[in-house]
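Asker: The structure's right below; bear with me while I get my questions together.
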Amino acid sequence: MSKPTSSSTKSKPRRPLPGDLPRETRLSRMLRVDHAGEFGAARIYEGQLAVFGDTHRFTPIIREMKAQEQKHLDTFDELLNERQVRPTLLGPLWHGAGFALGAATALMGERAAMACTAAVEEVIDEHYAEQSAELENDPDESDLRATIEEFRADEAEHRETALSHDAEKTPGYPVMASLIKLGCRAAIWASQRV
């Protein structure tokens, strides 16, 4: 199982460049997109559970991953409230799209459901790694960085779980994974801004 790594060497904070967003704007976008991502992930698992039902052999695995996503979502709910950051206006879209993606991949079969998880969690892991690196030299945000690293470890574990359940053996996996990753990256971009 791969674990997120962090640099033990502290680098000097990068000086702001022309065109850089103010720190508070960057932090607001960070929290907004993380909240949206966790909401979407929880909806994906809800869609998969709706198809698999209570007796499917993957139901306990998916329920456990969904519970972790709900914990992440609850944390970002609190952070949005504490910092008075509005959630993305695209919430209704992610509500439907997340559920539809989860249900559609579950209808395609066990491996496809796991392929969806592997693809989504790979993008989230990369996204959290970028955020953690950005926060590395911001001592005022050490708690936020620790939260992101904790959640990143959970997402990496979800990906490893999916891969251990034959995600990559899904027919057409490279194409399917690429499309899901593209959708996730587009959702990240949009949720930061809208």
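In the structure tokens, chains take the letters A, B, ... in the order shown, each chain's residues start at 1, and ligands count up from 1 in the order shown.
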Residues of stretch 80-170 of chain A that approach stretch 30-37 of chain A to 12 Å or less, counting only C-alpha atoms: could you list each one with the shortest pair of atoms and its distance in Å to one decimal, rows by chain and increasing residue number, as CSV?
Answerer:
```
residue,atom,partner,partner_atom,distance
A:Leu80,CA,A:Leu31,CA,6.7
A:Asn81,CA,A:Leu31,CA,10.5
A:Glu82,CA,A:Leu31,CA,11.1
A:Arg83,CA,A:Leu31,CA,9.2
A:Gln84,CA,A:Leu31,CA,10.4
A:Val85,CA,A:Arg32,CA,7.1
A:Arg86,CA,A:Arg32,CA,7.0
A:Pro87,CA,A:Arg32,CA,5.3
A:Thr88,CA,A:Arg32,CA,6.0
A:Leu89,CA,A:Ala36,CA,9.5
A:Leu90,CA,A:Ala36,CA,8.3
A:Gly91,CA,A:Ala36,CA,6.9
A:Pro92,CA,A:Ala36,CA,10.3
A:Leu93,CA,A:Ala36,CA,10.3
A:Trp94,CA,A:Ala36,CA,7.5
A:His95,CA,A:Ala36,CA,9.5
A:Ala97,CA,A:Gly37,CA,11.8
A:Gly98,CA,A:Gly37,CA,9.6
A:Val120,CA,A:Gly37,CA,9.7
A:Glu121,CA,A:Gly37,CA,10.2
A:Val123,CA,A:Gly37,CA,10.3
A:Ile124,CA,A:Gly37,CA,7.9
A:Asp125,CA,A:Gly37,CA,11.3
A:His127,CA,A:Asp34,CA,9.1
A:Tyr128,CA,A:Asp34,CA,8.5
A:Glu130,CA,A:Met30,CA,10.4
A:Gln131,CA,A:Met30,CA,7.4
A:Ser132,CA,A:Met30,CA,10.4
A:Glu134,CA,A:Met30,CA,10.3
A:Leu135,CA,A:Met30,CA,10.4
A:Glu141,CA,A:Met30,CA,11.9
A:Leu144,CA,A:Leu31,CA,9.5
A:Arg145,CA,A:Met30,CA,11.1
A:Thr147,CA,A:Asp34,CA,11.2
A:Ile148,CA,A:Asp34,CA,9.0
A:Phe151,CA,A:Asp34,CA,10.2
A:Arg152,CA,A:Asp34,CA,11.0
A:Glu155,CA,A:Gly37,CA,11.4
```
Asker: Could you turn the residues from that selection into a file that holds N, CA and C atoms, as a compact mmCIF listing (two decimals), in the first residue's frame?
Answerer:
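Generated output (result_35.txt):
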```txt
# COMPACT_ATOMS: atom_id res chain seq x y z
N LEU A 80 -15.52 25.29 6.13
CA LEU A 80 -16.20 26.33 5.35
C LEU A 80 -16.94 27.28 6.27
N ASN A 81 -17.62 26.73 7.26
CA ASN A 81 -18.37 27.57 8.20
C ASN A 81 -17.43 28.44 9.04
N GLU A 82 -16.39 27.84 9.58
CA GLU A 82 -15.43 28.58 10.42
C GLU A 82 -14.80 29.74 9.67
N ARG A 83 -14.46 29.50 8.42
CA ARG A 83 -13.72 30.50 7.64
C ARG A 83 -14.63 31.34 6.74
N GLN A 84 -15.91 31.10 6.85
CA GLN A 84 -16.91 31.84 6.08
C GLN A 84 -16.61 31.80 4.57
N VAL A 85 -16.40 30.58 4.10
CA VAL A 85 -16.17 30.33 2.68
C VAL A 85 -17.43 29.66 2.14
N ARG A 86 -17.94 30.19 1.05
CA ARG A 86 -19.14 29.58 0.47
C ARG A 86 -18.77 28.31 -0.28
N PRO A 87 -19.66 27.33 -0.27
CA PRO A 87 -19.40 26.14 -1.08
C PRO A 87 -19.56 26.47 -2.56
N THR A 88 -19.13 25.56 -3.40
CA THR A 88 -19.30 25.76 -4.83
C THR A 88 -20.78 25.86 -5.19
N LEU A 89 -21.07 26.66 -6.18
CA LEU A 89 -22.44 26.76 -6.67
C LEU A 89 -22.82 25.56 -7.54
N LEU A 90 -21.83 24.71 -7.81
CA LEU A 90 -22.06 23.54 -8.66
C LEU A 90 -22.50 22.31 -7.86
N GLY A 91 -22.79 22.49 -6.59
CA GLY A 91 -23.20 21.37 -5.75
C GLY A 91 -24.33 20.52 -6.33
N PRO A 92 -25.39 21.15 -6.85
CA PRO A 92 -26.46 20.32 -7.44
C PRO A 92 -25.98 19.47 -8.61
N LEU A 93 -25.06 20.00 -9.39
CA LEU A 93 -24.50 19.22 -10.51
C LEU A 93 -23.70 18.03 -9.99
N TRP A 94 -22.86 18.28 -8.97
CA TRP A 94 -22.04 17.18 -8.43
C TRP A 94 -22.92 16.16 -7.71
N HIS A 95 -24.04 16.61 -7.16
CA HIS A 95 -24.99 15.71 -6.51
C HIS A 95 -25.49 14.66 -7.51
N ALA A 97 -24.27 14.16 -10.78
CA ALA A 97 -23.20 13.54 -11.55
C ALA A 97 -22.47 12.47 -10.75
N GLY A 98 -22.21 12.75 -9.48
CA GLY A 98 -21.53 11.77 -8.65
C GLY A 98 -22.34 10.49 -8.51
N VAL A 120 -10.76 7.99 -9.73
CA VAL A 120 -11.11 9.18 -8.94
C VAL A 120 -10.08 9.42 -7.86
N GLU A 121 -9.72 8.37 -7.13
CA GLU A 121 -8.81 8.54 -6.01
C GLU A 121 -7.40 8.91 -6.46
N VAL A 123 -6.70 10.95 -8.93
CA VAL A 123 -6.75 12.41 -9.16
C VAL A 123 -6.81 13.15 -7.83
N ILE A 124 -7.58 12.65 -6.88
CA ILE A 124 -7.70 13.31 -5.58
C ILE A 124 -6.36 13.27 -4.85
N ASP A 125 -5.67 12.15 -4.92
CA ASP A 125 -4.35 12.04 -4.30
C ASP A 125 -3.40 13.10 -4.87
N HIS A 127 -4.20 15.88 -6.34
CA HIS A 127 -4.72 17.19 -5.97
C HIS A 127 -4.34 17.54 -4.53
N TYR A 128 -4.54 16.60 -3.62
CA TYR A 128 -4.16 16.84 -2.23
C TYR A 128 -2.64 17.03 -2.09
N GLU A 130 -0.63 18.41 -4.25
CA GLU A 130 -0.35 19.80 -4.67
C GLU A 130 -0.72 20.79 -3.57
N GLN A 131 -1.87 20.57 -2.93
CA GLN A 131 -2.29 21.47 -1.87
C GLN A 131 -1.34 21.40 -0.68
N SER A 132 -0.94 20.19 -0.33
CA SER A 132 -0.02 20.02 0.79
C SER A 132 1.31 20.72 0.52
N GLU A 134 1.73 23.31 -1.39
CA GLU A 134 1.48 24.74 -1.32
C GLU A 134 1.45 25.23 0.13
N LEU A 135 0.94 24.41 1.03
CA LEU A 135 0.81 24.80 2.43
C LEU A 135 2.06 24.51 3.26
N GLU A 141 -1.08 27.52 8.57
CA GLU A 141 -1.99 26.50 8.02
C GLU A 141 -1.48 25.08 8.24
N LEU A 144 -4.41 22.67 8.72
CA LEU A 144 -5.08 22.35 7.46
C LEU A 144 -4.23 21.38 6.66
N ARG A 145 -2.94 21.60 6.62
CA ARG A 145 -2.05 20.70 5.88
C ARG A 145 -2.10 19.29 6.48
N THR A 147 -4.58 17.93 8.06
CA THR A 147 -5.88 17.36 7.68
C THR A 147 -5.83 16.84 6.25
N ILE A 148 -5.28 17.64 5.36
CA ILE A 148 -5.18 17.24 3.96
C ILE A 148 -4.33 15.99 3.81
N PHE A 151 -6.35 12.95 5.01
CA PHE A 151 -7.36 12.57 4.04
C PHE A 151 -6.71 11.98 2.79
N ARG A 152 -5.56 12.52 2.43
CA ARG A 152 -4.83 11.99 1.27
C ARG A 152 -4.45 10.52 1.50
N GLU A 155 -7.48 8.45 0.85
CA GLU A 155 -7.77 8.33 -0.59
C GLU A 155 -6.81 7.34 -1.25
```
Asker: When you count only C-alpha atoms, which of these residues is closest to A:Ala106: A:Arg23, A:His56, A:Arg29, A:Arg159?
Answerer: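 The answer is A:His56, which sits nearest to A:Ala106.
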Asker: Using only C-alpha atoms, which residue out of A:Arg63, A:Lys71, A:Arg185, A:Lys169 lies closest to A:Met114?
Answerer: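 That would be A:Lys169, the residue with the smallest distance to A:Met114.
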Asker: Could you check the closest approach to A:Cys116 for each of A:Asn137, A:Gln192, A:Ala129, A:Gly102 and tell me which residue wins, using only C-alpha atoms?
Answerer: A:Gly102
Asker: Tell me which of A:Leu73, A:Ile44, A:His165, A:Thr25 sits closest to A:Ile180, counting only C-alpha atoms.
Answerer: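 Once distances to A:Ile180 are computed over only C-alpha atoms, the minimum belongs to A:Ile44.
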Asker: Which distance in Å separates atom CA of A:Asp20 and atom CA of A:Ala186, to one decimal?
Answerer: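 Computing it gives 20.8 Å between the two atoms.
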Asker: Between A:Pro174, A:Gly183, A:Pro22, A:Gly47, which residue has the minimum interatomic distance to A:Gly96, considering only C-alpha atoms?
Answerer: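 Smallest separation from A:Gly96 among the options: A:Gly47.
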Asker: Quick check, in Å to one decimal: how far apart do atom CA of A:Ala146 and atom CA of A:Phe76 lie?
Answerer: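 Separating atom CA of A:Ala146 from atom CA of A:Phe76 is a distance of 13.2 Å.
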Asker: Would you please work out which residue, of A:Asp74, A:Glu122, A:Asp140, A:Asp166, is nearest to A:Ala153 when using only C-alpha atoms?
Answerer: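 Nearest candidate to A:Ala153 out of A:Asp74, A:Glu122, A:Asp140, A:Asp166: A:Glu122.
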